[in-house]
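Have a look at protein_16.txt; it's compact mmCIF, C-alpha atoms:
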# COMPACT_ATOMS: atom_id res chain seq x y z
CA ASP A 168 -63.71 158.28 0.84
CA GLN A 169 -60.42 158.65 2.70
CA GLN A 170 -61.27 158.47 6.40
CA VAL A 171 -57.63 158.66 7.52
CA LYS A 172 -55.43 161.16 5.73
CA GLN A 173 -51.70 161.68 5.77
CA ASN A 174 -51.26 164.73 3.63
CA SER A 175 -47.47 164.68 3.42
CA PRO A 176 -46.25 161.89 1.14
CA SER A 177 -42.69 162.53 2.29
CA LEU A 178 -40.72 164.36 4.96
CA SER A 179 -37.01 165.00 5.21
CA VAL A 180 -35.43 165.68 8.63
CA GLN A 181 -31.85 166.09 9.76
CA GLU A 182 -30.41 163.47 12.09
CA GLY A 183 -30.77 164.49 15.73
CA ARG A 184 -33.71 166.81 15.08
CA ILE A 185 -37.38 166.20 15.81
CA SER A 186 -39.55 164.46 13.21
CA ILE A 187 -43.25 165.32 13.29
CA LEU A 188 -45.65 163.22 11.26
CA ASN A 189 -49.25 164.30 10.97
CA CYS A 190 -52.53 162.50 10.46
CA ASP A 191 -56.13 163.70 10.15
CA TYR A 192 -59.29 161.65 10.36
CA THR A 193 -62.90 162.32 9.48
CA ASN A 194 -64.81 159.56 11.25
CA SER A 195 -65.80 160.62 14.78
CA MET A 196 -66.48 156.95 15.64
CA PHE A 197 -62.75 156.19 15.66
CA ASP A 198 -61.62 155.67 19.23
CA TYR A 199 -58.23 154.01 18.98
CA PHE A 200 -55.26 155.19 16.94
CA LEU A 201 -51.98 153.52 16.07
CA TRP A 202 -48.75 154.32 14.27
CA TYR A 203 -46.84 151.75 12.25
CA LYS A 204 -43.46 151.88 10.59
CA LYS A 205 -42.78 149.97 7.40
CA TYR A 206 -39.62 149.11 5.51
CA PRO A 207 -39.81 147.99 1.85
CA ALA A 208 -40.78 144.34 1.36
CA GLU A 209 -41.62 143.93 5.07
CA GLY A 210 -44.81 144.04 7.08
CA PRO A 211 -45.73 147.09 9.17
CA THR A 212 -44.18 147.22 12.64
CA PHE A 213 -46.30 148.52 15.50
CA LEU A 214 -44.81 151.63 17.14
CA ILE A 215 -47.26 153.26 19.51
CA SER A 216 -50.98 153.65 20.09
CA ILE A 217 -53.38 155.98 21.85
CA SER A 218 -56.94 155.66 23.05
CA SER A 219 -59.37 158.50 22.47
CA ILE A 220 -59.68 159.04 26.22
CA LYS A 221 -56.09 160.28 26.27
CA ASP A 222 -54.37 163.17 24.54
CA LYS A 223 -50.77 161.99 24.80
CA ASN A 224 -48.85 158.74 24.98
CA GLU A 225 -45.10 158.42 25.18
CA ASP A 226 -42.75 155.49 24.62
CA GLY A 227 -39.05 156.24 24.52
CA ARG A 228 -38.28 158.49 21.56
CA PHE A 229 -41.86 158.27 20.28
CA THR A 230 -44.76 160.42 21.45
CA VAL A 231 -48.23 160.48 19.96
CA PHE A 232 -50.53 163.45 20.48
CA LEU A 233 -54.28 163.33 19.89
CA ASN A 234 -56.49 166.39 19.38
CA LYS A 235 -60.03 165.04 19.23
CA SER A 236 -61.72 168.35 18.56
CA ALA A 237 -59.53 168.86 15.50
CA LYS A 238 -59.61 165.16 14.58
CA HIS A 239 -55.85 165.29 14.33
CA LEU A 240 -52.99 163.22 15.66
CA SER A 241 -49.26 163.51 15.33
CA LEU A 242 -46.23 161.33 15.95
CA HIS A 243 -43.10 162.97 17.32
CA ILE A 244 -39.75 161.22 17.07
CA VAL A 245 -36.90 162.81 18.98
CA PRO A 246 -34.06 162.63 18.38
CA SER A 247 -34.39 161.30 14.83
CA GLN A 248 -31.95 158.55 13.86
CA PRO A 249 -30.92 157.14 10.46
CA GLY A 250 -32.75 153.88 11.22
CA ASP A 251 -35.99 155.85 11.47
CA SER A 252 -36.03 156.29 7.68
CA ALA A 253 -39.12 154.35 6.60
CA VAL A 254 -42.76 154.81 5.64
CA TYR A 255 -44.99 155.65 8.59
CA PHE A 256 -48.67 154.74 8.58
CA CYS A 257 -51.34 156.19 10.77
CA ALA A 258 -54.24 153.82 11.50
CA ALA A 259 -57.53 154.01 13.36
CA SER A 260 -60.19 151.61 14.57
CA GLY A 261 -63.78 151.87 15.74
CA GLY A 262 -65.17 153.31 12.52
CA SER A 263 -67.00 151.64 9.69
CA GLY A 264 -64.09 151.62 7.24
CA GLY A 265 -62.67 148.45 8.67
CA GLY A 266 -65.39 147.30 10.99
CA ALA A 267 -65.11 147.75 14.71
CA ASP A 268 -61.80 145.94 14.82
CA GLY A 269 -60.24 146.22 11.38
CA LEU A 270 -57.85 149.12 11.04
CA THR A 271 -58.34 151.99 8.60
CA PHE A 272 -54.98 153.16 7.30
CA GLY A 273 -53.68 156.39 5.81
CA LYS A 274 -51.53 156.26 2.67
CA GLY A 275 -48.32 156.78 4.61
CA THR A 276 -45.56 159.34 4.92
CA HIS A 277 -42.05 158.49 3.77
CA LEU A 278 -39.65 159.81 6.41
CA ILE A 279 -36.08 160.39 5.29
CA ILE A 280 -33.46 161.14 7.94
CA GLN A 281 -30.55 163.10 6.49
CA PRO A 282 -27.10 162.60 8.07
CA ASN B 175 -41.01 133.63 20.19
CA ALA B 176 -41.95 133.71 16.53
CA GLY B 177 -43.94 136.58 15.11
CA VAL B 178 -46.72 136.34 12.55
CA MET B 179 -45.71 133.97 9.77
CA GLN B 180 -46.96 134.18 6.21
CA ASN B 181 -46.26 131.94 3.27
CA PRO B 182 -45.46 131.97 0.54
CA ARG B 183 -43.64 135.31 0.51
CA HIS B 184 -44.03 135.56 -3.24
CA LEU B 185 -46.69 133.91 -5.38
CA VAL B 186 -47.08 134.07 -9.15
CA ARG B 187 -50.32 132.91 -10.70
CA ARG B 188 -51.73 133.04 -14.22
CA ARG B 189 -55.12 134.60 -14.78
CA GLY B 190 -57.87 132.14 -13.89
CA GLN B 191 -55.82 130.14 -11.39
CA GLU B 192 -56.39 129.95 -7.66
CA ALA B 193 -54.19 131.61 -5.04
CA ARG B 194 -53.92 130.36 -1.45
CA LEU B 195 -52.20 132.54 1.12
CA ARG B 196 -51.43 131.21 4.58
CA CYS B 197 -51.01 132.98 7.90
CA SER B 198 -49.94 131.64 11.28
CA PRO B 199 -50.64 134.14 14.07
CA MET B 200 -48.33 134.90 16.95
CA LYS B 201 -48.38 132.33 19.71
CA GLY B 202 -51.36 132.88 21.96
CA HIS B 203 -53.17 135.17 19.51
CA SER B 204 -56.61 134.06 18.40
CA HIS B 205 -57.62 137.13 16.37
CA VAL B 206 -56.52 137.28 12.73
CA TYR B 207 -56.95 140.07 10.20
CA TRP B 208 -56.19 140.21 6.48
CA TYR B 209 -55.26 143.41 4.63
CA ARG B 210 -54.39 144.19 1.02
CA GLN B 211 -51.99 146.89 -0.14
CA LEU B 212 -52.07 148.11 -3.71
CA PRO B 213 -49.06 150.06 -5.09
CA GLU B 214 -48.76 153.59 -3.63
CA GLU B 215 -51.72 152.95 -1.33
CA GLY B 216 -52.23 152.29 2.35
CA LEU B 217 -53.38 148.94 3.65
CA LYS B 218 -57.07 148.14 3.21
CA PHE B 219 -58.89 145.91 5.69
CA MET B 220 -60.41 142.77 4.20
CA VAL B 221 -61.57 140.38 6.91
CA TYR B 222 -61.36 139.67 10.65
CA LEU B 223 -61.53 136.11 11.94
CA GLN B 224 -61.36 134.25 15.20
CA LYS B 225 -60.95 130.50 15.42
CA GLU B 226 -63.59 128.88 13.19
CA ASN B 227 -65.53 132.15 12.88
CA ILE B 228 -65.63 135.06 10.46
CA ILE B 229 -66.32 138.10 12.60
CA ASP B 230 -66.24 140.87 9.98
CA GLU B 231 -65.81 140.47 6.23
CA SER B 232 -66.97 143.94 5.26
CA GLY B 233 -63.77 144.60 3.30
CA MET B 234 -63.81 141.40 1.25
CA PRO B 235 -64.75 141.56 -2.43
CA LYS B 236 -68.12 139.84 -2.85
CA GLU B 237 -66.90 137.27 -5.35
CA ARG B 238 -63.86 135.00 -5.67
CA PHE B 239 -62.41 135.82 -2.24
CA SER B 240 -62.87 133.72 0.88
CA ALA B 241 -61.09 133.30 4.21
CA GLU B 242 -61.02 130.76 6.97
CA PHE B 243 -59.31 130.21 10.29
CA PRO B 244 -59.80 126.56 11.24
CA LYS B 245 -59.54 125.11 14.72
CA GLU B 246 -56.17 123.62 13.79
CA GLY B 247 -53.70 125.15 11.37
CA PRO B 248 -53.14 128.52 9.78
CA SER B 249 -55.64 131.03 8.48
CA ILE B 250 -56.11 130.82 4.71
CA LEU B 251 -57.04 133.59 2.30
CA ARG B 252 -58.23 132.05 -0.95
CA ILE B 253 -58.64 133.89 -4.23
CA GLN B 254 -60.33 131.96 -7.01
CA GLN B 255 -59.94 132.72 -10.72
CA VAL B 256 -57.38 135.46 -10.14
CA VAL B 257 -57.30 138.54 -12.35
CA ARG B 258 -54.53 141.08 -12.93
CA GLY B 259 -56.18 143.51 -10.51
CA ASP B 260 -55.60 141.03 -7.68
CA SER B 261 -51.84 141.68 -7.89
CA ALA B 262 -50.95 143.25 -4.56
CA ALA B 263 -49.25 142.64 -1.23
CA TYR B 264 -51.47 140.75 1.19
CA PHE B 265 -50.72 141.17 4.88
CA CYS B 266 -51.97 139.18 7.80
CA ALA B 267 -52.04 140.55 11.35
CA SER B 268 -52.89 139.00 14.69
CA SER B 269 -53.82 140.35 18.08
CA LEU B 270 -54.16 138.99 21.57
CA ARG B 271 -57.60 140.52 22.12
CA ASP B 272 -60.17 142.35 20.10
CA ARG B 273 -59.45 146.06 19.72
CA GLY B 274 -55.82 145.43 20.68
CA GLU B 275 -52.60 146.23 18.87
CA GLN B 276 -52.26 144.22 15.68
CA TYR B 277 -48.94 142.66 14.76
CA PHE B 278 -48.24 142.10 11.10
CA GLY B 279 -46.56 139.37 9.14
CA PRO B 280 -44.09 140.03 6.30
CA GLY B 281 -46.77 139.78 3.64
CA THR B 282 -47.34 137.71 0.51
CA ARG B 283 -46.72 139.46 -2.78
CA LEU B 284 -49.13 138.09 -5.36
CA THR B 285 -48.40 138.67 -9.01
CA VAL B 286 -50.98 137.68 -11.61
CA THR B 287 -49.62 137.28 -15.12
What does this structure look like when you write it as structure tokens?
Amino acid sequence: DQQVKQNSPSLSVQEGRISILNCDYTNSMFDYFLWYKKYPAEGPTFLISISSIKDKNEDGRFTVFLNKSAKHLSLHIVPSQPGDSAVYFCAASGGSGGGADGLTFGKGTHLIIQP
Amino acid sequence: NAGVMQNPRHLVRRRGQEARLRCSPMKGHSHVYWYRQLPEEGLKFMVYLQKENIIDESGMPKERFSAEFPKEGPSILRIQQVVRGDSAAYFCASSLRDRGEQYFGPGTRLTVT
């Protein structure tokens, strides 16, 4: 039962363009969402988060949008840079998948920035 | 200003042996979480601990796995009588408060031969 879904295993974007990574969730109890970036053989690095009381949060080149009615969130990276090439994980908390505080993760999207 | 520390980074065990994974949270963080990542999968929550207390172990396998976070020292994830299916990357995360952002360590890659 996949409560957090990232339906694109990979995404290729040209350097300088916008990268848009998508995430859908099924559990309406989730109330806090996070994006992490992960390089091979390293732990996930926190990027940005959003509470369910908001619909947008911005931090530098990263913006997260939340559409509660559609149970959908997206991460926008603009402009995309070569160092952004990594696997991006969407995560949520508040549901039963990981307890109130444990995070429920999607399977990740591998972002490749083309020069 | 060290981040979350995990050791060892790589651990090889034979079937039936015990594996002990250690995690030191970020300075000032008293909330610790353990996750497991199987190949081609996302991270799966295992257990959430605060000092000397297990808060939520809903993701822990019922047998062979245990976790602790003593008053002094690192958090320990212990796997007894390891089997091949336990081979995975185990990540520890810490946070300053409950429901806050979690910061991850580099992981321990366990290989069971």
Proximal residues of chain B relative to chain A (all atoms listed in the file; 8 Å) as a list in words: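 Listing them in order of chain and number gives Tyr207, Glu214, Glu215, Gly216, Leu217, Lys218, Phe219, Met220, Val221, Tyr222, Asp230, Ser232, Gly233, Phe265, Asp272, Arg273, Glu275, Gln276, Tyr277, Phe278, Gly279, Pro280 and Gly281 of chain B.
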Nearest candidate to B:Leu185 (options B:Ser268, B:Ala263, B:Gln255, B:Pro213; using all atoms listed in the file):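 Ranking B:Ser268, B:Ala263, B:Gln255, B:Pro213 by distance to B:Leu185, first place goes to B:Ala263.
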Distance in Å - atom CA of A:Arg184 versus atom CA of A:Ser219: 28.0 Å
Exercise: B:His184 partners within 7 Å, only C-alpha atoms, chain neighbours under 3 positions left out, as a ChimeraX atom specification: /B:282-284
Which residue of B:Ser249, B:Ser261, B:Thr287, B:Gln211 approaches B:Pro199 most closely, using all atoms listed in the file: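 Of all the options, B:Ser249 lies closest to B:Pro199.
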Neighbour list for A:Leu242 as a PyMOL selection string, cut-off 12 Å, all atoms listed in the file, skip fewer than 2 positions in-chain: chain A and resi 173+185-191+200-204+214-217+222-226+228-234+239-240+244-245+247+255-258+276+278
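Excluding stretch 269-271 of chain B and any residue on its chain fewer than 3 positions from it, the residues at most 6 Å away by only C-alpha atoms are His203, His205, Gly274 and Gln276 of chain B.
In this model, the gap between atom CA of B:Cys266 and atom CA of A:Ser177 comes to 25.7 Å.
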Export: stretch 180-206 of chain A, N, CA, C and O atoms, as a short mmCIF file (atom, residue, chain, number, x, y, z; two decimals), in the first residue's frame:
data_model
loop_
_atom_site.label_atom_id
_atom_site.label_comp_id
_atom_site.auth_asym_id
_atom_site.auth_seq_id
_atom_site.Cartn_x
_atom_site.Cartn_y
_atom_site.Cartn_z
N VAL A 180 16.28 17.13 -17.54
CA VAL A 180 16.00 18.55 -17.76
C VAL A 180 17.28 19.24 -18.20
O VAL A 180 18.38 18.92 -17.72
N GLN A 181 17.13 20.20 -19.09
CA GLN A 181 18.31 20.94 -19.54
C GLN A 181 18.73 21.97 -18.48
O GLN A 181 17.88 22.59 -17.81
N GLU A 182 20.03 22.14 -18.36
CA GLU A 182 20.57 23.13 -17.43
C GLU A 182 19.96 24.50 -17.71
O GLU A 182 19.80 24.91 -18.86
N GLY A 183 19.58 25.20 -16.63
CA GLY A 183 19.00 26.52 -16.77
C GLY A 183 17.48 26.52 -16.84
O GLY A 183 16.84 27.55 -16.59
N ARG A 184 16.90 25.35 -17.17
CA ARG A 184 15.44 25.28 -17.27
C ARG A 184 14.84 24.94 -15.90
O ARG A 184 15.55 24.71 -14.93
N ILE A 185 13.51 24.89 -15.86
CA ILE A 185 12.82 24.53 -14.63
C ILE A 185 12.67 23.01 -14.52
O ILE A 185 12.33 22.34 -15.50
N SER A 186 12.95 22.48 -13.34
CA SER A 186 12.67 21.06 -13.06
C SER A 186 11.43 21.00 -12.19
O SER A 186 11.33 21.73 -11.20
N ILE A 187 10.50 20.14 -12.56
CA ILE A 187 9.28 19.97 -11.77
C ILE A 187 9.14 18.50 -11.39
O ILE A 187 9.02 17.64 -12.26
N LEU A 188 9.20 18.24 -10.10
CA LEU A 188 9.06 16.88 -9.60
C LEU A 188 7.72 16.75 -8.89
O LEU A 188 7.35 17.62 -8.10
N ASN A 189 7.03 15.68 -9.18
CA ASN A 189 5.67 15.51 -8.67
C ASN A 189 5.55 14.39 -7.65
O ASN A 189 6.32 13.42 -7.67
N CYS A 190 4.54 14.53 -6.81
CA CYS A 190 4.31 13.56 -5.74
C CYS A 190 2.82 13.53 -5.43
O CYS A 190 2.19 14.59 -5.32
N ASP A 191 2.25 12.36 -5.29
CA ASP A 191 0.85 12.20 -4.91
C ASP A 191 0.78 11.39 -3.62
O ASP A 191 1.61 10.52 -3.39
N TYR A 192 -0.24 11.67 -2.83
CA TYR A 192 -0.40 10.91 -1.60
C TYR A 192 -1.86 10.49 -1.45
O TYR A 192 -2.76 11.08 -2.05
N THR A 193 -2.08 9.45 -0.68
CA THR A 193 -3.44 8.92 -0.54
C THR A 193 -4.01 9.12 0.86
O THR A 193 -5.22 9.11 1.04
N ASN A 194 -3.14 9.32 1.83
CA ASN A 194 -3.59 9.39 3.22
C ASN A 194 -3.94 10.83 3.59
O ASN A 194 -3.07 11.69 3.69
N SER A 195 -5.21 11.09 3.83
CA SER A 195 -5.65 12.45 4.15
C SER A 195 -5.21 12.90 5.54
O SER A 195 -5.38 14.06 5.90
N MET A 196 -4.64 11.98 6.33
CA MET A 196 -4.13 12.36 7.65
C MET A 196 -2.77 13.05 7.58
O MET A 196 -2.33 13.67 8.53
N PHE A 197 -2.07 12.92 6.45
CA PHE A 197 -0.78 13.58 6.32
C PHE A 197 -0.97 15.09 6.42
O PHE A 197 -1.86 15.67 5.79
N ASP A 198 -0.12 15.73 7.23
CA ASP A 198 -0.27 17.17 7.38
C ASP A 198 1.05 17.92 7.28
O ASP A 198 1.10 19.13 7.52
N TYR A 199 2.10 17.22 6.93
CA TYR A 199 3.41 17.86 6.82
C TYR A 199 4.18 17.12 5.75
O TYR A 199 4.25 15.88 5.78
N PHE A 200 4.76 17.88 4.81
CA PHE A 200 5.39 17.26 3.64
C PHE A 200 6.80 17.82 3.48
O PHE A 200 7.04 19.00 3.73
N LEU A 201 7.69 16.95 3.05
CA LEU A 201 9.10 17.34 2.93
C LEU A 201 9.67 16.80 1.63
O LEU A 201 9.22 15.77 1.11
N TRP A 202 10.67 17.48 1.13
CA TRP A 202 11.45 16.98 0.00
C TRP A 202 12.90 16.81 0.44
O TRP A 202 13.46 17.67 1.12
N TYR A 203 13.47 15.67 0.01
CA TYR A 203 14.87 15.37 0.30
C TYR A 203 15.57 15.07 -1.01
O TYR A 203 14.98 14.56 -1.96
N LYS A 204 16.86 15.34 -1.01
CA LYS A 204 17.72 15.08 -2.15
C LYS A 204 18.75 14.06 -1.69
O LYS A 204 19.26 14.14 -0.56
N LYS A 205 19.07 13.10 -2.57
CA LYS A 205 20.00 12.06 -2.14
C LYS A 205 20.99 11.73 -3.25
O LYS A 205 20.60 11.44 -4.38
N TYR A 206 22.26 11.78 -2.88
CA TYR A 206 23.32 11.31 -3.77
C TYR A 206 23.63 9.85 -3.41
O TYR A 206 23.40 9.42 -2.28
#
